[in-house]
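J.: I am sharing start.cif, which consists of mmCIF, C-alpha atoms and all ligand atoms:
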```cif
data_work
#
loop_
_atom_site.label_atom_id
_atom_site.label_comp_id
_atom_site.auth_asym_id
_atom_site.auth_seq_id
_atom_site.Cartn_x
_atom_site.Cartn_y
_atom_site.Cartn_z
CA MET B 227 0.00 0.00 0.00
CA SER B 228 1.25 3.44 -0.84
CA GLU B 229 0.47 6.24 1.65
CA LYS B 230 1.42 9.08 -0.66
CA LYS B 231 -1.23 10.86 -2.71
CA ILE B 232 -0.74 10.18 -6.40
CA LYS B 233 -0.50 13.34 -8.51
CA LYS B 234 1.22 12.04 -11.60
CA ILE B 235 1.13 8.66 -13.38
CA ALA B 236 3.44 7.37 -16.12
CA VAL B 237 2.18 4.96 -18.78
CA LEU B 238 4.14 2.77 -21.19
CA THR B 239 3.66 -0.10 -23.65
CA SER B 240 6.20 -2.92 -23.59
CA GLY B 241 6.96 -6.24 -25.32
CA GLY B 242 5.09 -7.21 -28.48
CA ASP B 243 2.57 -4.61 -29.65
CA ALA B 244 -1.11 -5.48 -29.75
CA PRO B 245 -4.23 -3.79 -31.13
CA GLY B 246 -6.00 -2.00 -28.28
CA MET B 247 -2.80 -0.66 -26.70
CA ASN B 248 -3.60 2.84 -27.97
CA ALA B 249 -7.11 2.57 -26.58
CA ALA B 250 -5.63 1.56 -23.21
CA ILE B 251 -3.19 4.50 -23.17
CA ARG B 252 -6.11 6.78 -24.01
CA ALA B 253 -8.17 5.31 -21.19
CA VAL B 254 -5.34 5.79 -18.69
CA VAL B 255 -4.83 9.39 -19.81
CA ARG B 256 -8.52 10.30 -19.72
CA THR B 257 -9.15 8.63 -16.37
CA CYS B 258 -6.23 10.61 -14.97
CA ALA B 259 -7.67 13.81 -16.45
CA TYR B 260 -11.03 12.95 -14.86
CA HIS B 261 -9.35 12.65 -11.45
CA ASN B 262 -7.05 15.67 -11.95
CA VAL B 263 -3.92 13.55 -12.13
CA ALA B 264 -1.13 14.43 -14.59
CA VAL B 265 0.19 11.84 -17.07
CA LEU B 266 3.62 11.22 -18.50
CA GLY B 267 3.79 9.05 -21.62
CA VAL B 268 6.95 6.95 -21.87
CA TYR B 269 8.16 6.13 -25.38
CA ARG B 270 9.65 2.69 -26.25
CA GLY B 271 8.72 0.89 -23.06
CA TYR B 272 11.33 0.48 -20.34
CA GLN B 273 14.12 1.66 -22.65
CA GLY B 274 12.42 5.05 -22.89
CA MET B 275 12.20 5.19 -19.10
CA ILE B 276 15.96 4.70 -18.90
CA GLU B 277 16.67 7.21 -21.68
CA GLU B 278 14.18 9.82 -20.39
CA ASP B 279 12.17 9.64 -23.60
CA PHE B 280 8.97 11.18 -22.25
CA ILE B 281 5.98 13.20 -23.38
CA GLU B 282 3.43 15.01 -21.23
CA LEU B 283 -0.05 13.81 -22.19
CA ASN B 284 -3.49 15.28 -21.62
CA ALA B 285 -7.05 14.33 -22.54
CA ARG B 286 -6.75 16.01 -25.94
CA SER B 287 -3.39 14.48 -26.90
CA VAL B 288 -5.02 11.04 -27.17
CA ARG B 289 -7.69 12.06 -29.67
CA ASP B 290 -8.04 9.80 -32.73
CA THR B 291 -6.16 6.96 -31.09
CA ILE B 292 -8.90 4.56 -29.98
CA ASN B 293 -9.31 3.21 -33.52
CA LYS B 294 -5.61 2.77 -34.34
CA GLY B 295 -3.61 -0.46 -34.17
CA GLY B 296 -0.09 -0.61 -32.72
CA THR B 297 0.97 1.82 -30.03
CA PHE B 298 1.75 5.49 -30.58
CA LEU B 299 4.07 5.40 -27.57
CA LYS B 300 6.02 2.63 -29.41
CA SER B 301 7.07 -0.58 -27.78
CA ALA B 302 10.50 -2.09 -27.22
CA ARG B 303 12.37 -4.88 -25.55
CA SER B 304 14.92 -3.38 -23.17
CA LYS B 305 18.04 -5.30 -22.13
CA ASP B 306 19.13 -2.45 -19.87
CA PHE B 307 15.98 -2.73 -17.76
CA ARG B 308 16.98 -6.30 -16.89
CA THR B 309 19.92 -4.80 -14.92
CA LYS B 310 19.69 -3.18 -11.49
CA GLU B 311 21.57 -0.14 -12.82
CA GLY B 312 19.08 0.25 -15.66
CA ARG B 313 16.13 0.14 -13.29
CA GLN B 314 17.88 2.63 -10.96
CA LYS B 315 18.31 5.06 -13.85
CA ALA B 316 14.66 4.59 -14.84
CA TYR B 317 13.61 5.33 -11.24
CA GLU B 318 15.69 8.49 -11.12
CA ASN B 319 14.12 9.70 -14.36
CA LEU B 320 10.58 9.12 -13.09
CA LYS B 321 11.41 10.93 -9.83
CA LYS B 322 12.93 13.82 -11.79
CA HIS B 323 9.57 14.19 -13.55
CA ASN B 324 7.62 13.89 -10.27
CA VAL B 325 5.94 10.64 -11.29
CA ASP B 326 4.27 8.76 -8.39
CA ALA B 327 3.04 5.55 -10.10
CA LEU B 328 3.40 3.52 -13.29
CA VAL B 329 0.94 1.68 -15.57
CA VAL B 330 2.58 -1.00 -17.71
CA ILE B 331 0.69 -2.32 -20.75
CA GLY B 332 2.36 -5.52 -21.91
CA GLY B 333 2.87 -9.24 -21.37
CA ASP B 334 4.28 -11.34 -18.54
CA GLY B 335 7.88 -10.27 -19.20
CA SER B 336 6.85 -6.64 -18.82
CA PHE B 337 5.04 -7.50 -15.59
CA THR B 338 8.15 -9.26 -14.25
CA GLY B 339 10.10 -6.05 -14.88
CA ALA B 340 7.37 -3.99 -13.19
CA LEU B 341 7.43 -6.19 -10.08
CA LEU B 342 11.20 -5.95 -9.77
CA PHE B 343 10.96 -2.18 -10.18
CA ASN B 344 8.41 -2.06 -7.37
CA GLU B 345 10.48 -4.29 -5.10
CA GLU B 346 13.65 -2.26 -5.55
CA HIS B 347 12.14 1.23 -5.38
CA ASN B 348 8.84 0.79 -3.56
CA PHE B 349 7.23 2.36 -6.60
CA PRO B 350 3.49 1.72 -7.21
CA VAL B 351 2.88 -0.27 -10.42
CA MET B 352 -0.19 -1.63 -12.18
CA GLY B 353 -0.35 -3.96 -15.19
CA ILE B 354 -2.74 -4.10 -18.14
CA PRO B 355 -2.41 -7.31 -20.20
CA GLY B 356 -1.62 -6.35 -23.80
CA THR B 357 -0.67 -9.28 -26.02
CA ILE B 358 -2.46 -11.05 -28.86
CA ASP B 359 -1.47 -14.49 -27.52
CA ASN B 360 -3.94 -14.44 -24.60
CA ASP B 361 -1.43 -16.42 -22.54
CA ILE B 362 -1.74 -14.58 -19.24
CA TYR B 363 -3.27 -15.96 -16.06
CA GLY B 364 -5.99 -13.89 -14.40
CA THR B 365 -7.91 -12.70 -17.44
CA SER B 366 -10.06 -14.50 -19.97
CA HIS B 367 -9.03 -11.94 -22.61
CA THR B 368 -5.83 -9.97 -23.10
CA LEU B 369 -5.92 -6.77 -25.16
CA GLY B 370 -5.52 -7.47 -28.86
CA TYR B 371 -6.57 -11.11 -28.70
CA ASP B 372 -10.08 -10.56 -30.02
CA THR B 373 -8.79 -8.39 -32.88
CA ALA B 374 -6.14 -10.98 -33.78
CA LEU B 375 -8.80 -13.70 -33.87
CA ASN B 376 -10.95 -11.66 -36.23
CA THR B 377 -8.00 -10.82 -38.47
CA ALA B 378 -6.90 -14.45 -38.68
CA VAL B 379 -10.36 -15.82 -39.31
CA GLU B 380 -10.91 -13.30 -42.10
CA ALA B 381 -7.66 -14.45 -43.73
CA ILE B 382 -8.67 -18.11 -43.35
CA ASP B 383 -12.02 -17.37 -45.02
CA LYS B 384 -10.20 -15.88 -48.00
CA ILE B 385 -7.83 -18.81 -48.25
CA ARG B 386 -10.81 -21.19 -48.09
CA ASP B 387 -12.30 -19.55 -51.19
CA THR B 388 -9.24 -20.38 -53.22
CA ALA B 389 -8.79 -23.79 -51.53
CA SER B 390 -12.26 -24.94 -52.51
CA SER B 391 -12.01 -23.54 -56.04
CA HIS B 392 -8.98 -25.73 -56.72
CA ASN B 393 -9.56 -28.68 -54.37
CA ARG B 394 -6.45 -27.68 -52.50
CA MET B 395 -5.24 -28.44 -49.05
CA PHE B 396 -3.85 -25.51 -47.04
CA PHE B 397 -1.63 -25.55 -43.99
CA ILE B 398 -2.17 -22.16 -42.36
CA GLU B 399 0.18 -21.05 -39.62
CA VAL B 400 -1.13 -18.67 -36.98
CA MET B 401 0.69 -17.09 -34.03
CA GLY B 402 1.08 -18.93 -30.74
CA ARG B 403 4.51 -20.30 -29.76
CA ASP B 404 3.41 -21.50 -26.35
CA ALA B 405 -0.36 -21.26 -26.45
CA GLY B 406 -3.02 -22.48 -28.86
CA PHE B 407 -5.73 -19.89 -28.12
CA ILE B 408 -5.53 -18.25 -31.54
CA ALA B 409 -5.19 -21.55 -33.45
CA LEU B 410 -8.03 -23.29 -31.67
CA ASN B 411 -10.51 -20.44 -31.91
CA THR B 412 -9.70 -19.40 -35.47
CA GLY B 413 -9.66 -23.06 -36.45
CA ILE B 414 -13.19 -23.53 -35.16
CA GLY B 415 -14.32 -20.15 -36.50
CA GLY B 416 -12.71 -20.77 -39.89
CA GLY B 417 -14.04 -24.31 -40.22
CA ALA B 418 -10.66 -26.07 -40.18
CA GLU B 419 -10.50 -29.85 -40.64
CA ARG B 420 -7.65 -30.14 -38.18
CA ILE B 421 -6.04 -27.82 -35.64
CA LEU B 422 -2.54 -28.31 -34.25
CA ILE B 423 -1.78 -26.61 -30.93
CA PRO B 424 1.18 -26.60 -28.52
CA GLU B 425 -0.98 -28.00 -25.70
CA GLU B 426 -1.59 -31.25 -27.58
CA ASP B 427 0.86 -33.86 -28.72
CA THR B 428 -0.31 -34.84 -32.18
CA PRO B 429 1.76 -37.57 -33.81
CA ILE B 430 2.25 -36.78 -37.47
CA GLU B 431 0.88 -40.21 -38.45
CA GLU B 432 -2.39 -39.28 -36.74
CA LEU B 433 -2.58 -36.08 -38.76
CA LEU B 434 -2.00 -38.02 -41.95
CA GLN B 435 -4.66 -40.53 -41.02
CA ASP B 436 -7.18 -37.74 -40.37
CA ILE B 437 -6.44 -36.19 -43.74
CA GLU B 438 -6.83 -39.55 -45.48
CA GLU B 439 -10.12 -40.20 -43.69
CA GLY B 440 -11.37 -36.76 -44.68
CA HIS B 441 -10.50 -37.50 -48.27
CA ALA B 442 -12.30 -40.83 -48.12
CA LYS B 443 -15.37 -39.05 -46.74
CA GLY B 444 -15.44 -36.83 -49.80
CA LYS B 445 -13.84 -33.66 -48.44
CA THR B 446 -12.53 -31.86 -51.47
CA SER B 447 -10.61 -29.07 -49.79
CA ASN B 448 -8.87 -29.06 -46.46
CA ILE B 449 -7.82 -26.31 -44.09
CA ILE B 450 -5.36 -27.27 -41.39
CA VAL B 451 -4.61 -24.55 -38.86
CA VAL B 452 -1.23 -24.86 -37.19
CA ALA B 453 -0.02 -22.86 -34.18
CA GLU B 454 3.64 -21.80 -34.43
CA GLY B 455 4.50 -23.95 -31.42
CA ASP B 456 2.67 -27.14 -32.46
CA LYS B 457 4.14 -30.38 -31.17
CA THR B 458 4.47 -32.47 -34.34
CA GLY B 459 8.20 -31.77 -34.29
CA LYS B 460 8.09 -30.43 -37.84
CA ASN B 461 7.76 -26.90 -39.13
CA ILE B 462 4.88 -26.12 -41.45
CA PHE B 463 6.90 -26.62 -44.66
CA GLU B 464 8.16 -30.00 -43.42
CA LEU B 465 4.57 -30.94 -42.60
CA LYS B 466 3.54 -30.10 -46.15
CA GLU B 467 6.43 -32.13 -47.59
CA TYR B 468 5.64 -35.10 -45.37
CA VAL B 469 2.01 -35.26 -46.45
CA GLU B 470 2.93 -34.54 -50.08
CA LYS B 471 5.43 -37.41 -50.14
CA LYS B 472 2.77 -39.86 -48.96
CA HIS B 473 0.12 -38.40 -51.26
CA PRO B 474 1.60 -36.78 -54.35
CA GLU B 475 -1.95 -36.51 -55.71
CA TYR B 476 -2.87 -33.84 -53.11
CA ASP B 477 -2.34 -30.22 -54.09
CA ILE B 478 -0.96 -28.70 -50.89
CA ARG B 479 -0.07 -25.07 -50.13
CA VAL B 480 1.25 -23.25 -47.10
CA ALA B 481 0.16 -19.83 -45.82
CA ILE B 482 1.85 -18.12 -42.89
CA LEU B 483 -0.29 -15.31 -41.53
CA GLY B 484 2.61 -13.85 -39.52
CA HIS B 485 2.67 -10.27 -38.33
CA MET B 486 -0.54 -9.24 -40.08
CA GLN B 487 -2.22 -10.84 -37.04
CA ARG B 488 -0.75 -8.15 -34.79
CA GLY B 489 -1.87 -5.17 -36.84
CA GLY B 490 -5.07 -3.44 -37.80
CA ALA B 491 -7.74 -1.43 -36.07
CA PRO B 492 -8.80 -2.94 -32.74
CA SER B 493 -12.19 -4.67 -32.65
CA CYS B 494 -14.99 -3.01 -30.71
CA TYR B 495 -14.51 -5.63 -28.00
CA ASP B 496 -10.84 -4.68 -27.57
CA ARG B 497 -11.64 -0.95 -27.53
CA VAL B 498 -14.22 -1.37 -24.80
CA LEU B 499 -11.99 -3.77 -22.86
CA ALA B 500 -9.06 -1.33 -23.08
CA SER B 501 -11.26 1.50 -21.82
CA ARG B 502 -12.53 -0.54 -18.88
CA MET B 503 -9.06 -1.76 -17.98
CA GLY B 504 -7.55 1.72 -18.18
CA VAL B 505 -10.17 3.12 -15.80
CA LYS B 506 -9.63 0.29 -13.33
CA ALA B 507 -5.82 0.53 -13.47
CA VAL B 508 -5.77 4.24 -12.64
CA GLU B 509 -8.51 4.11 -10.00
CA THR B 510 -6.80 1.16 -8.28
CA LEU B 511 -3.57 3.15 -8.06
CA LEU B 512 -5.50 6.14 -6.69
CA GLU B 513 -6.91 3.85 -3.98
CA GLY B 514 -3.33 3.30 -2.86
CA LYS B 515 -2.95 -0.23 -4.20
CA SER B 516 -0.04 -1.58 -6.21
CA ASN B 517 1.30 -4.78 -7.87
CA TYR B 518 -1.94 -5.87 -9.53
CA MET B 519 -2.90 -6.75 -13.07
CA VAL B 520 -6.31 -5.69 -14.29
CA GLY B 521 -8.22 -8.52 -15.95
CA ILE B 522 -11.65 -9.49 -17.16
CA ASN B 523 -13.43 -12.64 -16.04
CA ASN B 524 -17.07 -13.44 -16.81
CA ASP B 525 -17.35 -9.88 -18.09
CA VAL B 526 -16.36 -8.42 -14.71
CA ILE B 527 -13.21 -6.31 -14.46
CA ASP B 528 -11.11 -7.54 -11.55
CA LEU B 529 -7.59 -7.63 -10.13
CA THR B 530 -4.98 -10.38 -9.92
CA PRO B 531 -1.70 -9.93 -8.03
CA LEU B 532 1.03 -9.39 -10.64
CA GLU B 533 3.02 -12.26 -9.21
CA LYS B 534 0.15 -14.67 -9.82
CA ALA B 535 -0.46 -13.29 -13.31
CA ILE B 536 3.16 -14.02 -14.19
CA LYS B 537 3.44 -17.47 -12.64
CA GLY B 538 -0.13 -18.73 -12.97
CA GLY B 539 0.02 -19.94 -16.56
CA SER B 540 -3.14 -19.64 -18.62
CA LYS B 541 -5.07 -22.74 -19.60
CA LEU B 542 -6.94 -23.57 -22.78
CA ASP B 543 -10.54 -24.67 -22.42
CA MET B 544 -10.24 -28.32 -23.47
CA GLU B 545 -13.97 -28.42 -24.22
CA LEU B 546 -13.05 -26.29 -27.23
CA VAL B 547 -10.77 -29.08 -28.46
CA ARG B 548 -13.75 -31.45 -28.32
CA VAL B 549 -15.95 -28.94 -30.16
CA ALA B 550 -13.30 -28.66 -32.88
CA GLU B 551 -13.19 -32.43 -33.20
CA ILE B 552 -16.96 -32.71 -33.52
CA MET B 553 -17.11 -29.90 -36.07
CA SER B 554 -14.58 -31.56 -38.35
CA ILE B 555 -16.50 -34.82 -38.69
P1 LIG B 601 4.97 -10.46 -25.20
O1 LIG B 601 4.03 -11.42 -24.51
O2 LIG B 601 4.32 -9.74 -26.28
O3 LIG B 601 6.28 -11.08 -25.56
P2 LIG B 601 6.25 -9.43 -22.85
O4 LIG B 601 5.95 -8.30 -21.95
O5 LIG B 601 6.21 -10.81 -22.24
O6 LIG B 601 5.30 -9.32 -24.10
P3 LIG B 601 9.15 -9.48 -23.00
O7 LIG B 601 10.06 -9.20 -24.15
O8 LIG B 601 9.25 -10.78 -22.33
O9 LIG B 601 7.67 -9.20 -23.56
O10 LIG B 601 9.37 -8.34 -21.91
C1 LIG B 601 9.31 -6.98 -22.25
C2 LIG B 601 10.37 -6.22 -21.50
O11 LIG B 601 10.15 -6.36 -20.08
C3 LIG B 601 11.79 -6.73 -21.71
O12 LIG B 601 12.38 -6.21 -22.88
C4 LIG B 601 12.49 -6.19 -20.47
O13 LIG B 601 12.82 -4.85 -20.60
C5 LIG B 601 11.40 -6.35 -19.40
N1 LIG B 601 11.63 -7.61 -18.70
C6 LIG B 601 11.24 -8.85 -19.06
N2 LIG B 601 11.67 -9.78 -18.19
C7 LIG B 601 12.36 -9.11 -17.24
C8 LIG B 601 13.07 -9.49 -16.07
N3 LIG B 601 13.18 -10.76 -15.68
N4 LIG B 601 13.67 -8.51 -15.34
C9 LIG B 601 13.56 -7.22 -15.72
N5 LIG B 601 12.93 -6.79 -16.81
C10 LIG B 601 12.33 -7.71 -17.57
#
```
Show me the file's structure as structure tokens.
T.:
Amino acid sequence: MSEKKIKKIAVLTSGGDAPGMNAAIRAVVRTCAYHNVAVLGVYRGYQGMIEEDFIELNARSVRDTINKGGTFLKSARSKDFRTKEGRQKAYENLKKHNVDALVVIGGDGSFTGALLFNEEHNFPVMGIPGTIDNDIYGTSHTLGYDTALNTAVEAIDKIRDTASSHNRMFFIEVMGRDAGFIALNTGIGGGAERILIPEEDTPIEELLQDIEEGHAKGKTSNIIVVAEGDKTGKNIFELKEYVEKKHPEYDIRVAILGHMQRGGAPSCYDRVLASRMGVKAVETLLEGKSNYMVGINNDVIDLTPLEKAIKGGSKLDMELVRVAEIMSI
């Protein structure tokens, strides 16, 4: 608990960018304005804190941002902030600008940095989960996840048009090194025949068998959605080659959706979520609390201790795996 009255709050975006980060910055700035608290924007995440790369923000400076992807404050990965000296320098810079508390919009790495910063300098911090991967404990949705799902499913729809026109099979890679949230949901939403996720060990022979069975059932085109971190032990091009070798008669193509999944205007869901989270983050700091992440669960905005958010590990709903299986009959 912090006893001191908070008069100025700094806000930064850190780690991978995600749609909705701008809307969250805007929400933090406007909630501060509402409560007569000043705001300092920090460019380039923790690196900007160390290099004193700041901008004073007010309610008007965040106009026309709610609808924009990316983050106008820029994001970065900072090696220097991983050192005690780097964090000391960052602290001195915040003090120099009379900042009393910090809102960090980012993923679990950014939260780990925020916790260390709090421990070493007794500085109030609050986290807002901003990452398209949705792999953070304590919230059913991270900022940017819903937008990324919609972007990916739109791309899959387009690929399906060409797949069915030519009786082709497509392996489509979506983001998710450690978590299959995007793959599983876009796979169901995009009508995939098979979905490969990091949480499930799928032997490659099983995949082949499924494809063969699908063919025997009269499926003329096939969409197979693959998360980056799938456990077949092969990358997506090797998967294609493997299936092609066994079945030279199949016409197989690969599409990697890549960074397009991170970009674009945030969905309405992400804009509203960002606004709600920004309000809660600032008002929680003003109540004198620190070291929490704002999350949403069952459509209620709540708080999870940062430590738990980092270590908790998010879990896929395995019922969704069953739904996917049933849908691909
Ligand atoms: P994403 O999920 O998009 O990767 P992230 O927040 O997990 O987002 P990271 O690159 O892991 O992304 O972390 C962002 C920044 O947070 C790092 O560049 C670093 O400055 C800081 N950070 C991460 N881990 C630590 C740590 N153990 N100690 C201090 N700072 C850290």
J.: Using only C-alpha atoms, find the one residue out of B:Lys233, B:Arg386, B:Lys294, B:His392 that sits nearest to Gly417 (chain B).
T.: B:Arg386
J.: Per residue of chain B within 8 Å of ligand LIG 601 (chain B), what are the shortest atom pair and its distance in Å to one decimal, counting all atoms listed in the file, with rows by chain and residue number, as CSV?
T.:
```
residue,atom,partner,partner_atom,distance
B:Ser240,CA,B:LIG601,C1,5.3
B:Gly241,CA,B:LIG601,O9,3.5
B:Gly242,CA,B:LIG601,O2,3.4
B:Asp243,CA,B:LIG601,O2,6.4
B:Ala244,CA,B:LIG601,O2,7.7
B:Gly271,CA,B:LIG601,C2,7.5
B:Tyr272,CA,B:LIG601,O13,5.5
B:Gln273,CA,B:LIG601,O13,6.9
B:Ala302,CA,B:LIG601,O12,6.3
B:Arg303,CA,B:LIG601,O12,3.0
B:Ser304,CA,B:LIG601,O13,3.6
B:Lys305,CA,B:LIG601,O13,5.5
B:Asp306,CA,B:LIG601,O13,6.8
B:Phe307,CA,B:LIG601,O13,4.7
B:Arg308,CA,B:LIG601,C9,3.7
B:Thr309,CA,B:LIG601,C9,6.9
B:Gly332,CA,B:LIG601,O4,4.5
B:Gly333,CA,B:LIG601,O4,3.3
B:Asp334,CA,B:LIG601,O5,4.2
B:Gly335,CA,B:LIG601,O8,3.5
B:Ser336,CA,B:LIG601,O11,3.5
B:Phe337,CA,B:LIG601,O4,6.5
B:Thr338,CA,B:LIG601,C7,5.2
B:Gly339,CA,B:LIG601,N5,3.5
B:Ala340,CA,B:LIG601,N5,7.2
B:Leu342,CA,B:LIG601,C9,6.5
B:Phe343,CA,B:LIG601,C9,7.9
B:Gly356,CA,B:LIG601,O2,7.3
B:Thr357,CA,B:LIG601,O2,5.0
B:Ile358,CA,B:LIG601,O2,7.4
B:Asp359,CA,B:LIG601,O1,7.0
B:Asp361,CA,B:LIG601,O1,7.7
```
J.: Smallest atom-to-atom distance to Ile482 (chain B): which of B:Met401, B:Val330, B:Glu533, B:Cys258, using all atoms listed in the file?
T.: B:Met401
J.: Which residue out of B:Lys234, B:Asn448, B:Leu299, B:Ser493 has the minimum interatomic distance to Asp387 (chain B) when only C-alpha atoms are used?
T.: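 When distances to Asp387 (chain B) are compared using only C-alpha atoms, the smallest one comes from B:Asn448.
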J.: Give me, please, the distance in Å between CA of Ile251 (chain B) and CA of Leu512 (chain B), quoted to one decimal.
T.: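 These atoms are spaced 16.7 Å apart.
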J.: Using all atoms listed in the file for the distances, tell me which of B:Lys445, B:Lys230, B:Arg403, B:Arg394 is nearest to Glu425 (chain B).
T.: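 Looking at the shortest contact to Glu425 (chain B), the residue is B:Arg403.
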J.: At what distance in Å, to one decimal, does CA of Val263 (chain B) lie from CA of Gly504 (chain B)?
T.: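 Pair CA of Gly504 (chain B) / CA of Val263 (chain B) returns 13.8 Å.
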J.: My list of candidates is B:Thr365, B:Ser447, B:Thr377, B:Thr257. Which is closest to Ala285 (chain B) when distances are computed with only C-alpha atoms?
T.: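 Of B:Thr365, B:Ser447, B:Thr377, B:Thr257, the one nearest Ala285 (chain B) is B:Thr257, counting only C-alpha atoms.
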J.: Can you find the residues with an atom no farther than 9 Å from (-8.0, -10.4, -25.2), counting all atoms listed in the file, and report them as a ChimeraX atom specification?
T.: /B:355-360,365-374,495-496,499,522
J.: Which polymer residues have any atom within 8 Å of an atom of Leu410 (chain B), counting all atoms listed in the file, with same-chain residues fewer than 6 positions away left out, as a list in words?
T.: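 Surrounding residues, per the criterion: Ile421, Leu422, Ile423, Leu546, Val547 and Ala550 of chain B.
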J.: Which residue out of B:Gln314, B:Asn248, B:Asn348, B:Asn411 has the minimum interatomic distance to Glu545 (chain B) when all atoms listed in the file are used?
T.: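 Of B:Gln314, B:Asn248, B:Asn348, B:Asn411, the one nearest Glu545 (chain B), counting all atoms listed in the file, is B:Asn411.
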J.: Please, what distance in Å, to one decimal, runs between CA of Thr297 (chain B) and CA of Gly539 (chain B)?
T.: 25.6 Å
J.: Find the residues near Val469 (chain B): any atom within 10 Å, counting all atoms listed in the file, skip ones fewer than 5 places away on the same chain, and give them as a short mmCIF file (atom, residue, chain, number, x, y, z; two decimals) with C-alpha atoms, in the frame of the given file.
T.:
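So around-v3.cif came out as:
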```
data_model
loop_
_atom_site.label_atom_id
_atom_site.label_comp_id
_atom_site.auth_asym_id
_atom_site.auth_seq_id
_atom_site.Cartn_x
_atom_site.Cartn_y
_atom_site.Cartn_z
CA ILE B 430 2.25 -36.78 -37.47
CA GLU B 431 0.88 -40.21 -38.45
CA LEU B 433 -2.58 -36.08 -38.76
CA LEU B 434 -2.00 -38.02 -41.95
CA ILE B 437 -6.44 -36.19 -43.74
CA GLU B 438 -6.83 -39.55 -45.48
CA GLU B 464 8.16 -30.00 -43.42
CA PRO B 474 1.60 -36.78 -54.35
CA TYR B 476 -2.87 -33.84 -53.11
CA ILE B 478 -0.96 -28.70 -50.89
#
```
J.: Please tell me which residues are no farther than 10 Å from (-15.2, -32.8, -35.7) in the file, counting all atoms listed in the file, and write them as a tab-separated table (two decimals) with C-alpha atoms, keeping the file's coordinate frame.
T.:
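Output file point_4.tsv is given in full below:
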```
chain	number	residue	atom	x	y	z
B	414	ILE	CA	-13.19	-23.53	-35.16
B	417	GLY	CA	-14.04	-24.31	-40.22
B	418	ALA	CA	-10.66	-26.07	-40.18
B	419	GLU	CA	-10.50	-29.85	-40.64
B	420	ARG	CA	-7.65	-30.14	-38.18
B	547	VAL	CA	-10.77	-29.08	-28.46
B	548	ARG	CA	-13.75	-31.45	-28.32
B	549	VAL	CA	-15.95	-28.94	-30.16
B	550	ALA	CA	-13.30	-28.66	-32.88
B	551	GLU	CA	-13.19	-32.43	-33.20
B	552	ILE	CA	-16.96	-32.71	-33.52
B	553	MET	CA	-17.11	-29.90	-36.07
B	554	SER	CA	-14.58	-31.56	-38.35
B	555	ILE	CA	-16.50	-34.82	-38.69
```
J.: Compile the contact shell of Ile276 (chain B) as a list in words: residues with an atom at most 6 Å away, counting all atoms listed in the file, same-chain residues fewer than 2 positions apart removed.
T.: Gln273, Gly274, Glu278, Lys315 and Ala316 of chain B
J.: Using all atoms listed in the file, which residues sit within 9 Å of Val480 (chain B) once same-chain residues fewer than 3 positions away are excluded, as an MDAnalysis selection string?
T.: chainID B and resid 395:399 462:463 466
